[in-house]
Amino acid sequence: KPTIFSGVQPSGIPTIGNYIGAMKGFVDLQDDYETTYCIVNQHAITVYQDPKTLSQTTRLLAALYIAMGLDPQKSTIFIQSDVPAHAQAAWIVLCQTGVGELERMTQYKDKAQKQEVVSAGLLAYPALMVADIILYDAQYIPVGEDQKQHLELTRNFVDRFNNRYGNGKDLLVKPEPMIPKSGGRILSLQDPTSKMSKSDANTKAFISMLDEPKTIIKKIKSAVTDSVGEVNYDKENQPAISNLLDIYSALSNRSIDDLVNEYHSLGYGKFKSDVADQVVATFEPIQQKYHQLVNSQELTDILVEGAKTANETATRTLSRMEKAIGLTYKP
Ligand code: AQP
């Protein structure tokens with residue numbers, strides 16, 4: 001089976017943007033691919049995280065993975081810091097990556113701007129992501145659009161590493177992004193020029209996967225729109241309405257055309273209220289399962305087991321890399 005790897009940072013409760021752009025796809029891929037899904041807590045600490053909150057959110061995210069439909073019998077589910085090879089491989093990646101290459105990453109530039117003190121880890125973030133991916137020989141990476149540039153960096157690294165050390169063989173697998181056709185970039189509900197982010201200081205800008213129905217309804221009701229007054233899919237001139245269409249379409253599996261036909265002249269009030277109902281209907285059953293799981297021993301067991309499987313694969317690839325570059329001494 002072809003291999004899949006992806007992860008989400010426990011830097012807050014995941015948003016419906018994280019879900020639509022990436023997590024929803026994780027579930028659909030389980031049957032036809034060999035799937036490995038990580039909770040990338042070492043990525044999260046590239047900016048300050050309150051220790052207690054980080055550890056709670058790590059568990060929360062793992063519970064959400066399973067509540068939304070990941071099956072530990074089919075997918076390897078684990079916490080990044082349980083597998084030391086990620087940080088070890090990231091060091092090797094860093095030593096073969098130019099500072100300039102990292103400084104060009106738009107996510108780095110965006111996130112650095114928001115920090116008083118920029119950590120070296122924030123700059124190094126993509127190198128850790130390269131490590132995550134290559135350790136599992138991953139061929140396809142389901143991610144949102146914002147990760148495309150990091151994937152390109154990963155592909156360049158793999159080429160460079162294979163050329164330098166492969167002696168004509170491919171030591172590492174070159175991955176390809178898998179970005180959903182629509183919904184790859186869900187926008188902030190308050191500012192449709194920026195993407196929805198779980199760590200946005202303005203909580204009205206995002207809907208989290210654990211928001212209560214009445215909060216979801218309130219946030220969608222107060223989402224910014226425009227003065228056109230008609231529902232059209234026009235990202236240029238009606239980005240906020242197009243964003244709500246993306247959300248509605250992804251969660252209902254109805255086509256954008258179908259939705260535009262139905263809502264074109266019904267007014268924004270009715271449209272928003274139906275979008276909200278759809279969001280509530282999607283996340284209510286996930287939330288119920290989440291509450292049953294989050295404090296269970298079952299969840300801990302799944303993560304311990306996942307780490308064991310992940311460690312075996314990751315250690316094997318790391319040794320292959322270390323051997324190739326000469327980090328060995330035994331004959
Ligand atoms: N707005 C979005 N629309 C579609 N996909 C998105 N993703 C993130 N935001 C959107 C995708 O979700 C996956 C997990 O993201 P992440 O946790 O690794 O980090 P991120 O991309 O930095 O997401 P956030 O929500 O913006 O987190 P913070 O606020 O901590 O920076 C990725 O596949 C991502 O593409």
# chains A, B, ... in the order shown; residues from 1 in each chain; ligands from 1

$ select_by_dssp --residues "stretch 80-143 of chain A" --states "helix (DSSP H, G or I)" --output "ChimeraX atom specification"
/A:80-82,85-95,99-103,106-113,120-135

$ write_last_selection --atoms "C-alpha atoms" --output "PDB file, in the first residue's frame"
ATOM      1  CA  GLN A  80       5.814  13.195  18.209  1.00  0.00           C
ATOM      2  CA  SER A  81       7.853  13.562  21.418  1.00  0.00           C
ATOM      3  CA  ASP A  82       7.402   9.813  22.064  1.00  0.00           C
ATOM      4  CA  ALA A  85      14.117   9.929  15.935  1.00  0.00           C
ATOM      5  CA  HIS A  86      12.137  13.004  14.832  1.00  0.00           C
ATOM      6  CA  ALA A  87      14.427  15.424  16.642  1.00  0.00           C
ATOM      7  CA  GLN A  88      17.504  13.393  15.677  1.00  0.00           C
ATOM      8  CA  ALA A  89      16.629  13.345  11.988  1.00  0.00           C
ATOM      9  CA  ALA A  90      15.687  17.028  12.119  1.00  0.00           C
ATOM     10  CA  TRP A  91      19.249  17.818  13.190  1.00  0.00           C
ATOM     11  CA  ILE A  92      20.621  16.056  10.128  1.00  0.00           C
ATOM     12  CA  VAL A  93      18.119  17.918   7.941  1.00  0.00           C
ATOM     13  CA  LEU A  94      19.083  21.242   9.533  1.00  0.00           C
ATOM     14  CA  CYS A  95      22.754  20.644   8.850  1.00  0.00           C
ATOM     15  CA  VAL A  99      19.408  29.486   6.560  1.00  0.00           C
ATOM     16  CA  GLY A 100      18.229  31.464   3.524  1.00  0.00           C
ATOM     17  CA  GLU A 101      15.964  28.620   2.468  1.00  0.00           C
ATOM     18  CA  LEU A 102      14.290  28.649   5.866  1.00  0.00           C
ATOM     19  CA  GLU A 103      14.044  32.431   6.011  1.00  0.00           C
ATOM     20  CA  THR A 106       6.097  32.501   4.296  1.00  0.00           C
ATOM     21  CA  GLN A 107       4.740  30.758   7.393  1.00  0.00           C
ATOM     22  CA  TYR A 108       7.971  31.636   9.223  1.00  0.00           C
ATOM     23  CA  LYS A 109       7.704  35.257   8.142  1.00  0.00           C
ATOM     24  CA  ASP A 110       4.050  35.455   9.232  1.00  0.00           C
ATOM     25  CA  LYS A 111       4.582  33.772  12.575  1.00  0.00           C
ATOM     26  CA  ALA A 112       7.855  35.584  13.338  1.00  0.00           C
ATOM     27  CA  GLN A 113       6.086  38.902  12.914  1.00  0.00           C
ATOM     28  CA  ALA A 120      15.572  29.459  16.440  1.00  0.00           C
ATOM     29  CA  GLY A 121      13.035  26.631  16.600  1.00  0.00           C
ATOM     30  CA  LEU A 122      10.489  28.695  14.677  1.00  0.00           C
ATOM     31  CA  LEU A 123      13.003  29.111  11.861  1.00  0.00           C
ATOM     32  CA  ALA A 124      13.939  25.418  12.050  1.00  0.00           C
ATOM     33  CA  TYR A 125      10.288  24.272  12.040  1.00  0.00           C
ATOM     34  CA  PRO A 126      10.265  23.078   8.399  1.00  0.00           C
ATOM     35  CA  ALA A 127      13.351  20.912   9.014  1.00  0.00           C
ATOM     36  CA  LEU A 128      11.467  19.067  11.743  1.00  0.00           C
ATOM     37  CA  MET A 129       8.593  18.647   9.320  1.00  0.00           C
ATOM     38  CA  VAL A 130      10.971  17.210   6.715  1.00  0.00           C
ATOM     39  CA  ALA A 131      12.144  14.744   9.361  1.00  0.00           C
ATOM     40  CA  ASP A 132       8.549  13.749  10.253  1.00  0.00           C
ATOM     41  CA  ILE A 133       7.813  12.923   6.639  1.00  0.00           C
ATOM     42  CA  ILE A 134      10.975  11.134   5.544  1.00  0.00           C
ATOM     43  CA  LEU A 135      11.154   8.884   8.614  1.00  0.00           C
TER      44      LEU A 135
END

$ residues_near_ligand --ligand "ligand 1" --cutoff "7 Å" --atoms "only C-alpha atoms and all ligand atoms" --output "PyMOL selection string"
chain A and resi 7-12+14-15+17-23+44+142-147+183-187+195-200

$ closest_residue --among "A:Ala205, A:Val260, A:Val228, A:Val40" --to "A:Thr57" --atoms "only C-alpha atoms"
A:Val40

$ residues_around --residues "stretch 158-173 of chain A" --least-positions-apart "3" --cutoff "8 Å" --atoms "only C-alpha atoms" --output "PyMOL selection string"
chain A and resi 134+137-139+154-155+320-321+324-325

$ closest_residue --among "A:His291, A:Lys221, A:Arg104, A:Lys204" --to "A:Asp274" --atoms "only C-alpha atoms"
A:Lys221

$ atom_distance --atom1 "atom CA of A:Val83" --atom2 "atom CA of A:Tyr33"
21.8 Å

$ closest_residue --among "A:Leu189, A:Lys148, A:Thr215, A:Gly267" --to "A:Leu244" --atoms "only C-alpha atoms"
A:Leu189

$ residues_around --residues "A:Pro239" --least-positions-apart "5" --cutoff "12 Å" --atoms "only C-alpha atoms" --output "mmCIF file with N, CA and C atoms, in the first residue's frame"
data_model
loop_
_atom_site.group_PDB
_atom_site.id
_atom_site.type_symbol
_atom_site.label_atom_id
_atom_site.label_comp_id
_atom_site.auth_asym_id
_atom_site.auth_seq_id
_atom_site.Cartn_x
_atom_site.Cartn_y
_atom_site.Cartn_z
ATOM 1 N N ARG A 185 -7.926 25.992 1.965
ATOM 2 C CA ARG A 185 -7.596 27.196 2.721
ATOM 3 C C ARG A 185 -8.894 27.844 3.194
ATOM 4 N N ILE A 186 -9.302 27.487 4.406
ATOM 5 C CA ILE A 186 -10.493 28.083 5.005
ATOM 6 C C ILE A 186 -10.068 29.407 5.659
ATOM 7 N N LEU A 187 -10.876 30.438 5.448
ATOM 8 C CA LEU A 187 -10.467 31.776 5.894
ATOM 9 C C LEU A 187 -11.058 32.147 7.251
ATOM 10 N N SER A 188 -10.416 33.122 7.871
ATOM 11 C CA SER A 188 -10.912 33.672 9.134
ATOM 12 C C SER A 188 -12.328 34.207 8.931
ATOM 13 N N LEU A 189 -13.193 33.994 9.931
ATOM 14 C CA LEU A 189 -14.578 34.480 9.800
ATOM 15 C C LEU A 189 -14.652 35.993 9.981
ATOM 16 N N GLN A 190 -13.595 36.557 10.540
ATOM 17 C CA GLN A 190 -13.592 37.996 10.791
ATOM 18 C C GLN A 190 -12.749 38.770 9.785
ATOM 19 N N ASP A 191 -11.839 38.079 9.111
ATOM 20 C CA ASP A 191 -10.963 38.763 8.169
ATOM 21 C C ASP A 191 -10.632 37.827 7.004
ATOM 22 N N PRO A 192 -11.437 37.897 5.953
ATOM 23 C CA PRO A 192 -11.257 36.939 4.850
ATOM 24 C C PRO A 192 -9.997 37.155 4.021
ATOM 25 N N THR A 193 -9.070 37.998 4.502
ATOM 26 C CA THR A 193 -7.786 38.062 3.797
ATOM 27 C C THR A 193 -6.778 37.137 4.474
ATOM 28 N N SER A 194 -7.108 36.636 5.682
ATOM 29 C CA SER A 194 -6.161 35.714 6.323
ATOM 30 C C SER A 194 -6.839 34.377 6.584
ATOM 31 N N LYS A 195 -6.022 33.335 6.788
ATOM 32 C CA LYS A 195 -6.602 32.001 6.963
ATOM 33 C C LYS A 195 -7.103 31.811 8.392
ATOM 34 N N ALA A 223 -20.146 36.396 11.441
ATOM 35 C CA ALA A 223 -19.062 36.381 10.436
ATOM 36 C C ALA A 223 -19.243 37.556 9.482
ATOM 37 N N VAL A 224 -18.143 38.174 9.085
ATOM 38 C CA VAL A 224 -18.258 39.305 8.155
ATOM 39 C C VAL A 224 -18.746 38.784 6.795
ATOM 40 N N THR A 225 -19.468 39.631 6.068
ATOM 41 C CA THR A 225 -19.903 39.253 4.711
ATOM 42 C C THR A 225 -19.506 40.378 3.749
ATOM 43 N N ASP A 226 -20.432 40.848 2.956
ATOM 44 C CA ASP A 226 -20.150 41.945 2.013
ATOM 45 C C ASP A 226 -21.472 42.632 1.719
ATOM 46 N N SER A 227 -21.433 43.607 0.833
ATOM 47 C CA SER A 227 -22.679 44.359 0.578
ATOM 48 C C SER A 227 -23.369 43.925 -0.714
ATOM 49 N N VAL A 228 -22.889 42.819 -1.309
ATOM 50 C CA VAL A 228 -23.487 42.368 -2.574
ATOM 51 C C VAL A 228 -24.919 41.856 -2.352
ATOM 52 N N VAL A 231 -25.693 35.285 -2.862
ATOM 53 C CA VAL A 231 -24.704 34.230 -2.627
ATOM 54 C C VAL A 231 -24.084 33.807 -3.962
ATOM 55 N N ASN A 232 -22.813 34.151 -4.139
ATOM 56 C CA ASN A 232 -22.048 33.742 -5.327
ATOM 57 C C ASN A 232 -20.725 33.149 -4.881
ATOM 58 N N TYR A 233 -20.170 32.250 -5.696
ATOM 59 C CA TYR A 233 -18.823 31.754 -5.408
ATOM 60 C C TYR A 233 -17.842 32.594 -6.204
ATOM 61 N N ASP A 234 -17.341 33.644 -5.551
ATOM 62 C CA ASP A 234 -16.466 34.592 -6.219
ATOM 63 C C ASP A 234 -15.398 34.996 -5.201
ATOM 64 N N LEU A 244 -17.738 30.681 3.309
ATOM 65 C CA LEU A 244 -18.856 29.956 3.928
ATOM 66 C C LEU A 244 -19.351 28.853 2.986
ATOM 67 N N LEU A 245 -19.303 29.121 1.685
ATOM 68 C CA LEU A 245 -19.680 28.080 0.717
ATOM 69 C C LEU A 245 -18.705 26.908 0.766
ATOM 70 N N ASP A 246 -17.406 27.218 0.878
ATOM 71 C CA ASP A 246 -16.396 26.148 0.987
ATOM 72 C C ASP A 246 -16.674 25.278 2.217
#

$ residues_around --residues "A:Gln30" --least-positions-apart "3" --cutoff "12 Å" --atoms "only C-alpha atoms" --output "NGL selection string"
:A and (1-5 or 23-27 or 33-37 or 69-77 or 142)

$ residues_around --residues "A:Leu210" --least-positions-apart "4" --cutoff "8 Å" --atoms "only C-alpha atoms" --output "PDB file with N, CA and C atoms, in the first residue's frame"
ATOM      1  N   ILE A  13      -7.151  24.156  20.185  1.00  0.00           N
ATOM      2  CA  ILE A  13      -8.138  23.168  19.737  1.00  0.00           C
ATOM      3  C   ILE A  13      -8.263  23.309  18.220  1.00  0.00           C
ATOM      4  N   PHE A 283     -20.246  18.225  13.725  1.00  0.00           N
ATOM      5  CA  PHE A 283     -19.354  18.092  14.884  1.00  0.00           C
ATOM      6  C   PHE A 283     -20.021  17.539  16.148  1.00  0.00           C
ATOM      7  N   GLN A 287     -18.035  15.282  18.831  1.00  0.00           N
ATOM      8  CA  GLN A 287     -17.849  15.792  20.196  1.00  0.00           C
ATOM      9  C   GLN A 287     -18.303  14.769  21.242  1.00  0.00           C
TER      10      GLN A 287
END

$ atom_distance --atom1 "atom CA of A:Leu303" --atom2 "atom CA of A:Ile79"
6.9 Å

$ select_by_dssp --residues "stretch 38-111 of chain A" --states "strand (DSSP E or B)" --output "JSON, numbers by chain"
{"A": [38, 39, 75, 76, 77, 78, 79]}

$ atom_distance --atom1 "atom CA of A:Ile207" --atom2 "atom CA of A:Lys219"
7.2 Å

$ decode --residues "stretch 132-213 of chain A" --atoms "C-alpha atoms" --output "PDB file, in the first residue's frame"
ATOM      1  CA  ASP A 132       8.549  13.749  10.253  1.00  0.00           C
ATOM      2  CA  ILE A 133       7.813  12.923   6.639  1.00  0.00           C
ATOM      3  CA  ILE A 134      10.975  11.134   5.544  1.00  0.00           C
ATOM      4  CA  LEU A 135      11.154   8.884   8.614  1.00  0.00           C
ATOM      5  CA  TYR A 136       8.015   7.039   7.472  1.00  0.00           C
ATOM      6  CA  ASP A 137       8.983   6.852   3.780  1.00  0.00           C
ATOM      7  CA  ALA A 138       5.780   8.792   3.210  1.00  0.00           C
ATOM      8  CA  GLN A 139       4.667   9.133  -0.408  1.00  0.00           C
ATOM      9  CA  TYR A 140       1.631  11.355   0.097  1.00  0.00           C
ATOM     10  CA  ILE A 141       1.035  14.108   2.631  1.00  0.00           C
ATOM     11  CA  PRO A 142      -2.560  15.277   3.176  1.00  0.00           C
ATOM     12  CA  VAL A 143      -2.257  18.957   4.159  1.00  0.00           C
ATOM     13  CA  GLY A 144      -3.887  22.341   3.686  1.00  0.00           C
ATOM     14  CA  GLU A 145      -2.556  24.836   1.143  1.00  0.00           C
ATOM     15  CA  ASP A 146      -0.437  26.674   3.710  1.00  0.00           C
ATOM     16  CA  GLN A 147       1.905  23.681   3.936  1.00  0.00           C
ATOM     17  CA  LYS A 148       2.658  23.504   0.213  1.00  0.00           C
ATOM     18  CA  GLN A 149       5.877  25.493   0.522  1.00  0.00           C
ATOM     19  CA  HIS A 150       7.156  23.254   3.336  1.00  0.00           C
ATOM     20  CA  LEU A 151       6.449  20.221   1.176  1.00  0.00           C
ATOM     21  CA  GLU A 152       8.457  21.772  -1.642  1.00  0.00           C
ATOM     22  CA  LEU A 153      11.347  22.224   0.789  1.00  0.00           C
ATOM     23  CA  THR A 154      11.000  18.561   1.769  1.00  0.00           C
ATOM     24  CA  ARG A 155      11.148  17.474  -1.865  1.00  0.00           C
ATOM     25  CA  ASN A 156      14.269  19.568  -2.452  1.00  0.00           C
ATOM     26  CA  PHE A 157      15.916  18.111   0.631  1.00  0.00           C
ATOM     27  CA  VAL A 158      15.192  14.547  -0.472  1.00  0.00           C
ATOM     28  CA  ASP A 159      16.718  15.215  -3.898  1.00  0.00           C
ATOM     29  CA  ARG A 160      19.795  16.767  -2.315  1.00  0.00           C
ATOM     30  CA  PHE A 161      20.248  13.955   0.201  1.00  0.00           C
ATOM     31  CA  ASN A 162      19.753  11.205  -2.374  1.00  0.00           C
ATOM     32  CA  ASN A 163      22.180  12.869  -4.787  1.00  0.00           C
ATOM     33  CA  ARG A 164      24.855  13.435  -2.168  1.00  0.00           C
ATOM     34  CA  TYR A 165      24.687  10.147  -0.343  1.00  0.00           C
ATOM     35  CA  GLY A 166      22.671   7.656  -2.384  1.00  0.00           C
ATOM     36  CA  ASN A 167      25.369   6.417  -4.778  1.00  0.00           C
ATOM     37  CA  GLY A 168      22.727   6.193  -7.437  1.00  0.00           C
ATOM     38  CA  LYS A 169      20.062   4.848  -5.098  1.00  0.00           C
ATOM     39  CA  ASP A 170      17.116   6.661  -3.522  1.00  0.00           C
ATOM     40  CA  LEU A 171      17.779   6.510   0.210  1.00  0.00           C
ATOM     41  CA  LEU A 172      14.754   8.633   1.004  1.00  0.00           C
ATOM     42  CA  VAL A 173      11.287   8.754  -0.537  1.00  0.00           C
ATOM     43  CA  LYS A 174      10.195  11.977  -2.243  1.00  0.00           C
ATOM     44  CA  PRO A 175       6.724  12.926  -0.998  1.00  0.00           C
ATOM     45  CA  GLU A 176       3.850  14.660  -2.751  1.00  0.00           C
ATOM     46  CA  PRO A 177       1.287  16.928  -1.111  1.00  0.00           C
ATOM     47  CA  MET A 178      -2.374  15.927  -1.206  1.00  0.00           C
ATOM     48  CA  ILE A 179      -4.367  19.143  -1.009  1.00  0.00           C
ATOM     49  CA  PRO A 180      -8.171  19.051  -1.159  1.00  0.00           C
ATOM     50  CA  LYS A 181      -9.680  20.538  -4.343  1.00  0.00           C
ATOM     51  CA  SER A 182     -11.811  22.899  -2.317  1.00  0.00           C
ATOM     52  CA  GLY A 183     -11.403  23.807   1.342  1.00  0.00           C
ATOM     53  CA  GLY A 184      -7.602  23.719   1.262  1.00  0.00           C
ATOM     54  CA  ARG A 185      -7.596  27.196   2.721  1.00  0.00           C
ATOM     55  CA  ILE A 186     -10.493  28.083   5.005  1.00  0.00           C
ATOM     56  CA  LEU A 187     -10.467  31.776   5.894  1.00  0.00           C
ATOM     57  CA  SER A 188     -10.912  33.672   9.134  1.00  0.00           C
ATOM     58  CA  LEU A 189     -14.578  34.480   9.800  1.00  0.00           C
ATOM     59  CA  GLN A 190     -13.592  37.996  10.791  1.00  0.00           C
ATOM     60  CA  ASP A 191     -10.963  38.763   8.169  1.00  0.00           C
ATOM     61  CA  PRO A 192     -11.257  36.939   4.850  1.00  0.00           C
ATOM     62  CA  THR A 193      -7.786  38.062   3.797  1.00  0.00           C
ATOM     63  CA  SER A 194      -6.161  35.714   6.323  1.00  0.00           C
ATOM     64  CA  LYS A 195      -6.602  32.001   6.963  1.00  0.00           C
ATOM     65  CA  MET A 196      -8.506  30.555   9.886  1.00  0.00           C
ATOM     66  CA  SER A 197      -6.013  29.673  12.646  1.00  0.00           C
ATOM     67  CA  LYS A 198      -6.499  27.865  15.916  1.00  0.00           C
ATOM     68  CA  SER A 199      -4.142  30.240  17.721  1.00  0.00           C
ATOM     69  CA  ASP A 200      -5.884  33.429  16.512  1.00  0.00           C
ATOM     70  CA  ALA A 201      -6.252  35.823  19.451  1.00  0.00           C
ATOM     71  CA  ASN A 202      -9.741  36.713  18.213  1.00  0.00           C
ATOM     72  CA  THR A 203     -11.846  33.661  19.064  1.00  0.00           C
ATOM     73  CA  LYS A 204     -14.668  34.936  16.821  1.00  0.00           C
ATOM     74  CA  ALA A 205     -12.385  34.373  13.826  1.00  0.00           C
ATOM     75  CA  PHE A 206     -12.462  30.586  14.062  1.00  0.00           C
ATOM     76  CA  ILE A 207     -14.775  27.738  14.953  1.00  0.00           C
ATOM     77  CA  SER A 208     -13.085  25.051  16.973  1.00  0.00           C
ATOM     78  CA  MET A 209     -14.049  21.402  16.608  1.00  0.00           C
ATOM     79  CA  LEU A 210     -15.237  21.487  20.218  1.00  0.00           C
ATOM     80  CA  ASP A 211     -17.288  24.690  20.121  1.00  0.00           C
ATOM     81  CA  GLU A 212     -20.800  24.242  21.482  1.00  0.00           C
ATOM     82  CA  PRO A 213     -23.734  24.521  19.042  1.00  0.00           C
TER      83      PRO A 213
END
